[in-house]
Amino acid sequence: MPELAKYAREFVRAVEVNKFEKTGSGLYFPKAKAFLQGTYFHSVNGEDEVVDHNLLPDEGMAYLLLTGLAGGTAITKWYLAPYTSNYTPTATLTAANFVAAAGELVSNTEGYTETTRPQWKPGPVNGVSIDNLQDKATFTFATQSTVTIHGVAMVSEPTKGAVTGKIMSATKFTQPRTLYNGDVLSMGYRVQLVTA
């Protein structure tokens with residue numbers, strides 16, 4: 001990512017001296033006039049795509065900054081985990097408290113039938129962004145009535161209900177998604193650097 005490389009040293013310095021701003025949907029680096037943000041794209045049965053911006057919890061920001069910019073050990077696989085509570089993510093959300101705080105959906109019979117959290121499989125870096133929009137994660141639902149999803153998180157562990165690993169991001173949907181038996185929820189996630 002040439003644009004990221006251009007700003008990498010400045011980002012590291014900004015983190016070291018706390019010269020960045022946390023916002024509801026990412027990080028803003030004032031000197032570089034650059035904003036690092038994430039966005040979720042979700043649809044049901046291939047229709048009615050909705051876009052929601054994420055929150056980067058402190059745990060995710062610390063991982064991203066220290067690993068991505070300061071040479072830490074990288075996590076190579078990330079997974080998407082929908083949740084059912086009417087919960088608004090906060091900066092203190094972690095992988096350890098996500099299941100209890102957000103009500104992660106873990107049932108195979110009143111939830112999605114995949115045995116693990118679907119993996120986020122990004123394509124190649126495109127300029128200053130990376131996403132899985134060409135290969136979205138899918139959740140196939142089984143239910144006797146309906147299942148309502150209020151949001152989703154990106155975590156580093158594949159096991160449903162796991163309380164280990166890291167959380168990268170989370171979002172509460174602008175409008176909850178109601179899923180019926182046989183519905184397929186498709187989930188894309190993009191991280192991008194926006195410069196002024």
# chains A, B, ... in the order shown; residues from 1 in each chain; ligands from 1

$ select_by_dssp --residues "chain A" --states "helix (DSSP H, G or I)" --output "MDAnalysis selection string"
chainID A and resid 2:16 58:70 95:102

$ select_by_dssp --residues "stretch 19-149 of chain A" --states "strand (DSSP E or B)" --output "short mmCIF file (atom, residue, chain, number, x, y, z; two decimals) with all heavy atoms, in the first residue's frame"
data_model
loop_
_atom_site.label_atom_id
_atom_site.label_comp_id
_atom_site.auth_asym_id
_atom_site.auth_seq_id
_atom_site.Cartn_x
_atom_site.Cartn_y
_atom_site.Cartn_z
N GLU A 21 -6.66 10.85 16.91
CA GLU A 21 -7.97 10.96 17.53
C GLU A 21 -8.77 9.71 17.25
O GLU A 21 -8.81 9.23 16.11
CB GLU A 21 -8.72 12.17 16.96
CG GLU A 21 -8.03 13.50 17.23
CD GLU A 21 -8.66 14.65 16.46
OE1 GLU A 21 -9.82 14.52 16.02
OE2 GLU A 21 -7.97 15.67 16.28
N LYS A 22 -9.41 9.17 18.30
CA LYS A 22 -10.33 8.06 18.14
C LYS A 22 -11.70 8.63 17.82
O LYS A 22 -12.16 9.55 18.49
CB LYS A 22 -10.39 7.22 19.41
CG LYS A 22 -9.10 6.51 19.73
CD LYS A 22 -9.28 5.49 20.82
CE LYS A 22 -9.27 6.11 22.19
NZ LYS A 22 -9.27 5.12 23.27
N THR A 23 -12.33 8.08 16.80
CA THR A 23 -13.69 8.49 16.45
C THR A 23 -14.58 7.27 16.51
O THR A 23 -14.11 6.16 16.72
CB THR A 23 -13.74 9.10 15.05
OG1 THR A 23 -13.57 8.07 14.07
CG2 THR A 23 -12.68 10.18 14.86
N GLY A 26 -13.27 5.00 13.48
CA GLY A 26 -11.88 4.75 13.10
C GLY A 26 -10.92 5.68 13.81
O GLY A 26 -11.21 6.21 14.88
N LEU A 27 -9.77 5.88 13.18
CA LEU A 27 -8.70 6.71 13.73
C LEU A 27 -8.42 7.86 12.77
O LEU A 27 -8.32 7.66 11.56
CB LEU A 27 -7.42 5.90 13.89
CG LEU A 27 -7.47 4.69 14.80
CD1 LEU A 27 -6.13 3.96 14.76
CD2 LEU A 27 -7.79 5.11 16.22
N TYR A 28 -8.23 9.06 13.35
CA TYR A 28 -7.89 10.21 12.53
C TYR A 28 -6.51 10.70 12.94
O TYR A 28 -6.22 10.88 14.12
CB TYR A 28 -8.91 11.34 12.73
CG TYR A 28 -8.57 12.58 11.93
CD1 TYR A 28 -8.56 12.54 10.54
CD2 TYR A 28 -8.25 13.76 12.57
CE1 TYR A 28 -8.24 13.68 9.81
CE2 TYR A 28 -7.94 14.91 11.84
CZ TYR A 28 -7.93 14.84 10.46
OH TYR A 28 -7.61 15.97 9.74
N PHE A 29 -5.64 10.86 11.93
CA PHE A 29 -4.28 11.37 12.13
C PHE A 29 -4.25 12.79 11.57
O PHE A 29 -4.12 12.98 10.36
CB PHE A 29 -3.27 10.46 11.42
CG PHE A 29 -3.22 9.07 12.01
CD1 PHE A 29 -4.05 8.07 11.54
CD2 PHE A 29 -2.35 8.77 13.04
CE1 PHE A 29 -4.01 6.80 12.08
CE2 PHE A 29 -2.30 7.50 13.59
CZ PHE A 29 -3.14 6.51 13.12
N ALA A 34 -5.30 12.11 7.55
CA ALA A 34 -5.67 10.76 7.11
C ALA A 34 -6.59 10.11 8.13
O ALA A 34 -6.39 10.26 9.34
CB ALA A 34 -4.41 9.92 6.92
N PHE A 35 -7.57 9.38 7.64
CA PHE A 35 -8.56 8.71 8.47
C PHE A 35 -8.54 7.23 8.13
O PHE A 35 -8.70 6.85 6.97
CB PHE A 35 -9.94 9.31 8.21
CG PHE A 35 -11.00 8.81 9.13
CD1 PHE A 35 -11.04 9.21 10.46
CD2 PHE A 35 -11.98 7.95 8.68
CE1 PHE A 35 -12.03 8.75 11.31
CE2 PHE A 35 -12.97 7.48 9.52
CZ PHE A 35 -12.99 7.89 10.85
N LEU A 36 -8.32 6.37 9.13
CA LEU A 36 -8.35 4.92 8.96
C LEU A 36 -9.69 4.44 9.47
O LEU A 36 -10.01 4.63 10.64
CB LEU A 36 -7.20 4.28 9.73
CG LEU A 36 -7.00 2.79 9.53
CD1 LEU A 36 -6.61 2.48 8.09
CD2 LEU A 36 -5.91 2.28 10.48
N GLN A 37 -10.50 3.83 8.57
CA GLN A 37 -11.85 3.45 8.95
C GLN A 37 -12.22 2.08 8.40
O GLN A 37 -11.61 1.58 7.47
CB GLN A 37 -12.86 4.48 8.46
CG GLN A 37 -13.01 4.52 6.95
CD GLN A 37 -14.01 5.56 6.50
OE1 GLN A 37 -14.42 6.43 7.26
NE2 GLN A 37 -14.41 5.49 5.25
N GLY A 38 -13.24 1.51 9.00
CA GLY A 38 -13.78 0.22 8.56
C GLY A 38 -15.26 0.34 8.30
O GLY A 38 -15.97 1.10 8.95
N THR A 39 -15.75 -0.45 7.33
CA THR A 39 -17.15 -0.41 6.93
C THR A 39 -17.65 -1.82 6.67
O THR A 39 -16.97 -2.62 6.01
CB THR A 39 -17.32 0.43 5.64
OG1 THR A 39 -16.70 1.70 5.83
CG2 THR A 39 -18.79 0.63 5.31
N TYR A 40 -18.84 -2.13 7.19
CA TYR A 40 -19.50 -3.41 6.93
C TYR A 40 -20.56 -3.24 5.85
O TYR A 40 -21.28 -2.24 5.83
CB TYR A 40 -20.17 -3.94 8.19
CG TYR A 40 -19.19 -4.47 9.22
CD1 TYR A 40 -18.73 -3.65 10.24
CD2 TYR A 40 -18.74 -5.77 9.17
CE1 TYR A 40 -17.83 -4.13 11.19
CE2 TYR A 40 -17.85 -6.26 10.11
CZ TYR A 40 -17.39 -5.43 11.12
OH TYR A 40 -16.51 -5.90 12.05
N PHE A 41 -20.66 -4.24 4.96
CA PHE A 41 -21.66 -4.28 3.89
C PHE A 41 -22.43 -5.58 4.08
O PHE A 41 -21.83 -6.66 4.03
CB PHE A 41 -20.98 -4.30 2.52
CG PHE A 41 -20.08 -3.12 2.26
CD1 PHE A 41 -18.80 -3.07 2.81
CD2 PHE A 41 -20.50 -2.07 1.47
CE1 PHE A 41 -17.96 -1.99 2.57
CE2 PHE A 41 -19.66 -0.97 1.23
CZ PHE A 41 -18.40 -0.94 1.78
N HIS A 42 -23.75 -5.50 4.28
CA HIS A 42 -24.50 -6.74 4.51
C HIS A 42 -25.80 -6.75 3.72
O HIS A 42 -26.43 -5.71 3.49
CB HIS A 42 -24.76 -6.97 6.01
CG HIS A 42 -25.27 -5.78 6.75
ND1 HIS A 42 -26.59 -5.59 7.04
CD2 HIS A 42 -24.62 -4.71 7.27
CE1 HIS A 42 -26.75 -4.46 7.72
NE2 HIS A 42 -25.55 -3.89 7.86
N SER A 43 -26.16 -7.95 3.27
CA SER A 43 -27.40 -8.13 2.51
C SER A 43 -28.00 -9.49 2.87
O SER A 43 -27.31 -10.38 3.37
CB SER A 43 -27.14 -8.04 1.01
OG SER A 43 -26.27 -9.07 0.60
N VAL A 44 -29.29 -9.63 2.61
CA VAL A 44 -30.00 -10.88 2.85
C VAL A 44 -30.46 -11.42 1.51
O VAL A 44 -31.12 -10.72 0.74
CB VAL A 44 -31.21 -10.69 3.80
CG1 VAL A 44 -31.97 -12.00 3.97
CG2 VAL A 44 -30.73 -10.17 5.15
N GLU A 47 -30.01 -9.28 -1.62
CA GLU A 47 -30.81 -8.07 -1.84
C GLU A 47 -30.68 -7.11 -0.67
O GLU A 47 -30.28 -7.49 0.42
CB GLU A 47 -32.29 -8.44 -2.03
CG GLU A 47 -32.53 -9.36 -3.21
CD GLU A 47 -33.98 -9.80 -3.32
OE1 GLU A 47 -34.79 -9.44 -2.44
OE2 GLU A 47 -34.30 -10.50 -4.28
N ASP A 48 -31.04 -5.86 -0.91
CA ASP A 48 -31.13 -4.85 0.14
C ASP A 48 -29.81 -4.70 0.90
O ASP A 48 -29.77 -4.83 2.12
CB ASP A 48 -32.29 -5.19 1.09
CG ASP A 48 -32.52 -4.09 2.12
OD1 ASP A 48 -32.25 -2.91 1.81
OD2 ASP A 48 -32.94 -4.41 3.25
N GLU A 49 -28.73 -4.38 0.16
CA GLU A 49 -27.45 -4.19 0.84
C GLU A 49 -27.49 -2.92 1.69
O GLU A 49 -27.96 -1.88 1.26
CB GLU A 49 -26.30 -4.10 -0.16
CG GLU A 49 -24.95 -3.99 0.55
CD GLU A 49 -23.78 -4.12 -0.39
OE1 GLU A 49 -23.48 -3.13 -1.09
OE2 GLU A 49 -23.17 -5.20 -0.42
N VAL A 50 -26.96 -3.04 2.91
CA VAL A 50 -26.89 -1.94 3.85
C VAL A 50 -25.43 -1.75 4.24
O VAL A 50 -24.67 -2.72 4.36
CB VAL A 50 -27.76 -2.21 5.10
CG1 VAL A 50 -27.63 -1.08 6.11
CG2 VAL A 50 -29.22 -2.42 4.70
N VAL A 51 -25.04 -0.50 4.45
CA VAL A 51 -23.67 -0.17 4.82
C VAL A 51 -23.68 0.43 6.23
O VAL A 51 -24.46 1.34 6.51
CB VAL A 51 -23.06 0.84 3.82
CG1 VAL A 51 -21.66 1.25 4.24
CG2 VAL A 51 -23.06 0.27 2.42
N ASP A 52 -22.82 -0.11 7.10
CA ASP A 52 -22.69 0.40 8.46
C ASP A 52 -21.22 0.58 8.78
O ASP A 52 -20.41 -0.31 8.53
CB ASP A 52 -23.30 -0.57 9.48
CG ASP A 52 -24.81 -0.55 9.45
OD1 ASP A 52 -25.39 0.52 9.72
OD2 ASP A 52 -25.43 -1.60 9.16
N HIS A 53 -20.87 1.74 9.36
CA HIS A 53 -19.49 1.98 9.79
C HIS A 53 -19.24 1.29 11.11
O HIS A 53 -20.15 1.11 11.91
CB HIS A 53 -19.21 3.48 9.86
CG HIS A 53 -19.25 4.13 8.52
ND1 HIS A 53 -18.30 3.92 7.56
CD2 HIS A 53 -20.16 4.97 7.98
CE1 HIS A 53 -18.60 4.61 6.48
NE2 HIS A 53 -19.74 5.25 6.71
N LEU A 55 -17.01 0.43 14.82
CA LEU A 55 -16.26 0.99 15.94
C LEU A 55 -15.00 0.16 16.05
O LEU A 55 -15.05 -1.07 15.93
CB LEU A 55 -17.07 0.86 17.24
CG LEU A 55 -16.25 1.18 18.49
CD1 LEU A 55 -16.25 2.68 18.75
CD2 LEU A 55 -16.77 0.43 19.69
N TRP A 78 -9.08 -13.76 10.33
CA TRP A 78 -10.10 -13.06 11.09
C TRP A 78 -11.46 -13.64 10.73
O TRP A 78 -11.65 -14.14 9.62
CB TRP A 78 -10.07 -11.56 10.80
CG TRP A 78 -8.81 -10.92 11.30
CD1 TRP A 78 -7.64 -10.74 10.62
CD2 TRP A 78 -8.58 -10.41 12.61
NE1 TRP A 78 -6.71 -10.14 11.43
CE2 TRP A 78 -7.25 -9.93 12.66
CE3 TRP A 78 -9.36 -10.29 13.76
CZ2 TRP A 78 -6.70 -9.36 13.80
CZ3 TRP A 78 -8.81 -9.72 14.90
CH2 TRP A 78 -7.50 -9.25 14.91
N TYR A 79 -12.41 -13.55 11.67
CA TYR A 79 -13.72 -14.19 11.52
C TYR A 79 -14.82 -13.20 11.88
O TYR A 79 -14.62 -12.29 12.69
CB TYR A 79 -13.80 -15.43 12.42
CG TYR A 79 -12.68 -16.40 12.13
CD1 TYR A 79 -11.45 -16.29 12.78
CD2 TYR A 79 -12.82 -17.39 11.17
CE1 TYR A 79 -10.41 -17.14 12.49
CE2 TYR A 79 -11.77 -18.26 10.87
CZ TYR A 79 -10.57 -18.12 11.53
OH TYR A 79 -9.52 -18.96 11.23
N LEU A 80 -15.99 -13.41 11.28
CA LEU A 80 -17.12 -12.53 11.51
C LEU A 80 -18.14 -13.23 12.41
O LEU A 80 -18.46 -14.40 12.19
CB LEU A 80 -17.75 -12.12 10.18
CG LEU A 80 -16.79 -11.31 9.30
CD1 LEU A 80 -17.35 -11.14 7.90
CD2 LEU A 80 -16.50 -9.95 9.91
N ALA A 81 -18.62 -12.50 13.41
CA ALA A 81 -19.52 -13.08 14.41
C ALA A 81 -20.72 -12.16 14.63
O ALA A 81 -20.59 -11.08 15.20
CB ALA A 81 -18.75 -13.26 15.73
N PRO A 82 -21.92 -12.58 14.19
CA PRO A 82 -23.12 -11.76 14.40
C PRO A 82 -23.60 -11.86 15.85
O PRO A 82 -23.35 -12.84 16.54
CB PRO A 82 -24.14 -12.37 13.45
CG PRO A 82 -23.70 -13.78 13.25
CD PRO A 82 -22.21 -13.79 13.41
N TYR A 83 -24.30 -10.80 16.29
CA TYR A 83 -24.84 -10.84 17.64
C TYR A 83 -26.31 -10.43 17.65
O TYR A 83 -26.80 -9.77 16.74
CB TYR A 83 -24.00 -9.99 18.60
CG TYR A 83 -23.95 -8.50 18.35
CD1 TYR A 83 -24.94 -7.65 18.85
CD2 TYR A 83 -22.88 -7.92 17.67
CE1 TYR A 83 -24.87 -6.28 18.67
CE2 TYR A 83 -22.81 -6.54 17.49
CZ TYR A 83 -23.81 -5.73 18.00
OH TYR A 83 -23.74 -4.37 17.82
N GLU A 104 -23.52 -12.91 21.37
CA GLU A 104 -23.14 -13.56 20.10
C GLU A 104 -24.09 -14.70 19.78
O GLU A 104 -24.45 -15.49 20.65
CB GLU A 104 -21.71 -14.11 20.16
CG GLU A 104 -21.32 -14.76 18.84
CD GLU A 104 -20.00 -15.49 18.85
OE1 GLU A 104 -19.32 -15.51 19.87
OE2 GLU A 104 -19.66 -16.06 17.80
N GLY A 111 -30.22 -20.12 14.54
CA GLY A 111 -29.13 -19.23 14.18
C GLY A 111 -28.57 -19.65 12.84
O GLY A 111 -29.29 -20.14 11.99
N TYR A 112 -27.27 -19.50 12.66
CA TYR A 112 -26.67 -19.89 11.38
C TYR A 112 -26.08 -21.29 11.49
O TYR A 112 -25.59 -21.71 12.53
CB TYR A 112 -25.67 -18.86 10.87
CG TYR A 112 -24.46 -18.57 11.72
CD1 TYR A 112 -23.23 -19.18 11.45
CD2 TYR A 112 -24.51 -17.65 12.77
CE1 TYR A 112 -22.10 -18.89 12.20
CE2 TYR A 112 -23.39 -17.35 13.52
CZ TYR A 112 -22.18 -17.98 13.23
OH TYR A 112 -21.07 -17.69 13.97
N GLN A 119 -14.96 -17.11 8.00
CA GLN A 119 -13.70 -16.37 7.88
C GLN A 119 -13.85 -15.19 6.94
O GLN A 119 -14.52 -15.26 5.91
CB GLN A 119 -12.60 -17.29 7.36
CG GLN A 119 -11.23 -16.64 7.35
CD GLN A 119 -10.13 -17.57 6.86
OE1 GLN A 119 -10.31 -18.79 6.79
NE2 GLN A 119 -9.00 -17.01 6.51
N TRP A 120 -13.22 -14.08 7.32
CA TRP A 120 -13.09 -12.91 6.45
C TRP A 120 -11.91 -13.20 5.53
O TRP A 120 -10.78 -13.37 6.01
CB TRP A 120 -12.84 -11.66 7.30
CG TRP A 120 -12.65 -10.39 6.51
CD1 TRP A 120 -13.59 -9.74 5.77
CD2 TRP A 120 -11.47 -9.59 6.44
NE1 TRP A 120 -13.06 -8.60 5.22
CE2 TRP A 120 -11.76 -8.48 5.62
CE3 TRP A 120 -10.18 -9.71 6.97
CZ2 TRP A 120 -10.82 -7.50 5.32
CZ3 TRP A 120 -9.24 -8.73 6.67
CH2 TRP A 120 -9.56 -7.64 5.86
N ASN A 126 -6.11 -2.86 -2.61
CA ASN A 126 -6.50 -2.06 -3.77
C ASN A 126 -6.25 -0.59 -3.42
O ASN A 126 -7.09 0.05 -2.80
CB ASN A 126 -7.97 -2.31 -4.10
CG ASN A 126 -8.43 -1.52 -5.30
OD1 ASN A 126 -7.64 -0.92 -6.02
ND2 ASN A 126 -9.73 -1.50 -5.51
N SER A 129 -7.09 0.42 0.31
CA SER A 129 -8.14 -0.34 0.99
C SER A 129 -7.96 -1.84 0.77
O SER A 129 -7.27 -2.27 -0.16
CB SER A 129 -9.52 0.09 0.49
OG SER A 129 -9.72 -0.30 -0.85
N ILE A 130 -8.58 -2.60 1.66
CA ILE A 130 -8.60 -4.05 1.53
C ILE A 130 -9.97 -4.51 2.01
O ILE A 130 -10.52 -3.97 2.99
CB ILE A 130 -7.45 -4.72 2.32
CG1 ILE A 130 -7.40 -6.22 2.03
CG2 ILE A 130 -7.54 -4.42 3.81
CD1 ILE A 130 -6.13 -6.89 2.52
N ASP A 131 -10.58 -5.48 1.31
CA ASP A 131 -11.91 -5.95 1.69
C ASP A 131 -12.16 -7.36 1.15
O ASP A 131 -11.36 -7.91 0.40
CB ASP A 131 -12.99 -4.99 1.19
CG ASP A 131 -13.02 -4.85 -0.33
OD1 ASP A 131 -13.10 -5.88 -1.04
OD2 ASP A 131 -12.95 -3.71 -0.82
N ALA A 137 -18.36 -13.24 3.41
CA ALA A 137 -18.69 -14.32 4.33
C ALA A 137 -20.21 -14.53 4.28
O ALA A 137 -20.97 -13.56 4.15
CB ALA A 137 -18.25 -13.96 5.74
N THR A 138 -20.64 -15.78 4.39
CA THR A 138 -22.08 -16.06 4.35
C THR A 138 -22.51 -16.85 5.58
O THR A 138 -21.75 -17.67 6.11
CB THR A 138 -22.48 -16.84 3.08
OG1 THR A 138 -21.74 -18.05 3.01
CG2 THR A 138 -22.24 -16.00 1.83
N PHE A 139 -23.73 -16.56 6.01
CA PHE A 139 -24.35 -17.22 7.15
C PHE A 139 -25.69 -17.77 6.66
O PHE A 139 -26.54 -16.99 6.24
CB PHE A 139 -24.61 -16.22 8.28
CG PHE A 139 -23.39 -15.46 8.74
CD1 PHE A 139 -22.93 -14.35 8.03
CD2 PHE A 139 -22.72 -15.83 9.89
CE1 PHE A 139 -21.83 -13.63 8.47
CE2 PHE A 139 -21.61 -15.12 10.33
CZ PHE A 139 -21.16 -14.03 9.62
N THR A 140 -25.89 -19.08 6.73
CA THR A 140 -27.14 -19.71 6.30
C THR A 140 -27.98 -19.99 7.54
O THR A 140 -27.54 -20.70 8.45
CB THR A 140 -26.86 -21.02 5.54
OG1 THR A 140 -25.96 -20.75 4.47
CG2 THR A 140 -28.14 -21.62 5.01
N PHE A 141 -29.19 -19.44 7.57
CA PHE A 141 -29.99 -19.49 8.80
C PHE A 141 -30.98 -20.65 8.83
O PHE A 141 -31.59 -21.01 7.82
CB PHE A 141 -30.73 -18.16 8.99
CG PHE A 141 -29.82 -17.13 9.59
CD1 PHE A 141 -28.89 -16.47 8.80
CD2 PHE A 141 -29.85 -16.87 10.94
CE1 PHE A 141 -28.02 -15.54 9.35
CE2 PHE A 141 -28.98 -15.94 11.50
CZ PHE A 141 -28.06 -15.28 10.71
N ALA A 142 -31.10 -21.20 10.03
CA ALA A 142 -32.11 -22.21 10.35
C ALA A 142 -32.89 -21.69 11.55
O ALA A 142 -32.28 -21.26 12.54
CB ALA A 142 -31.47 -23.54 10.67
N THR A 146 -38.09 -16.76 13.54
CA THR A 146 -37.16 -15.75 13.02
C THR A 146 -35.98 -15.60 13.98
O THR A 146 -36.07 -15.96 15.15
CB THR A 146 -37.82 -14.36 12.86
OG1 THR A 146 -38.24 -13.89 14.15
CG2 THR A 146 -38.99 -14.41 11.89
N VAL A 147 -34.89 -15.04 13.46
CA VAL A 147 -33.73 -14.67 14.26
C VAL A 147 -33.42 -13.22 13.91
O VAL A 147 -33.35 -12.87 12.72
CB VAL A 147 -32.50 -15.56 13.95
CG1 VAL A 147 -31.28 -15.08 14.71
CG2 VAL A 147 -32.79 -17.02 14.27
N THR A 148 -33.22 -12.39 14.92
CA THR A 148 -32.91 -10.97 14.68
C THR A 148 -31.46 -10.70 15.03
O THR A 148 -31.01 -11.00 16.14
CB THR A 148 -33.84 -10.07 15.51
OG1 THR A 148 -35.19 -10.33 15.14
CG2 THR A 148 -33.53 -8.60 15.25
N ILE A 149 -30.74 -10.15 14.06
CA ILE A 149 -29.33 -9.80 14.23
C ILE A 149 -29.24 -8.28 14.40
O ILE A 149 -29.76 -7.53 13.58
CB ILE A 149 -28.50 -10.24 13.00
CG1 ILE A 149 -28.67 -11.73 12.72
CG2 ILE A 149 -27.03 -9.87 13.18
CD1 ILE A 149 -28.24 -12.62 13.84
#

$ closest_atom_pairs --of "stretch 95-189 of chain A" --to "stretch 62-66 of chain A" --cutoff "10 Å" --atoms "only C-alpha atoms" --output "Markdown table"
| residue | atom | partner | partner_atom | distance |
| --- | --- | --- | --- | --- |
| A:Lys166 | CA | A:Tyr63 | CA | 8.0 |
| A:Ile167 | CA | A:Tyr63 | CA | 8.9 |
| A:Met168 | CA | A:Tyr63 | CA | 7.7 |

$ residues_around --residues "A:Asp58" --least-positions-apart "3" --cutoff "7 Å" --atoms "only C-alpha atoms" --output "PyMOL selection string"
chain A and resi 61-62+91-92

$ closest_residue --among "A:Ala32, A:Ala95, A:Leu133, A:Leu56" --to "A:Ser186" --atoms "only C-alpha atoms"
A:Leu133

$ residues_around --residues "A:Lys121" --least-positions-apart "2" --cutoff "7 Å" --atoms "only C-alpha atoms" --output "PyMOL selection string"
chain A and resi 119+123+132+135

$ atom_distance --atom1 "atom CA of A:Leu105" --atom2 "atom CA of A:Asn86"
12.4 Å
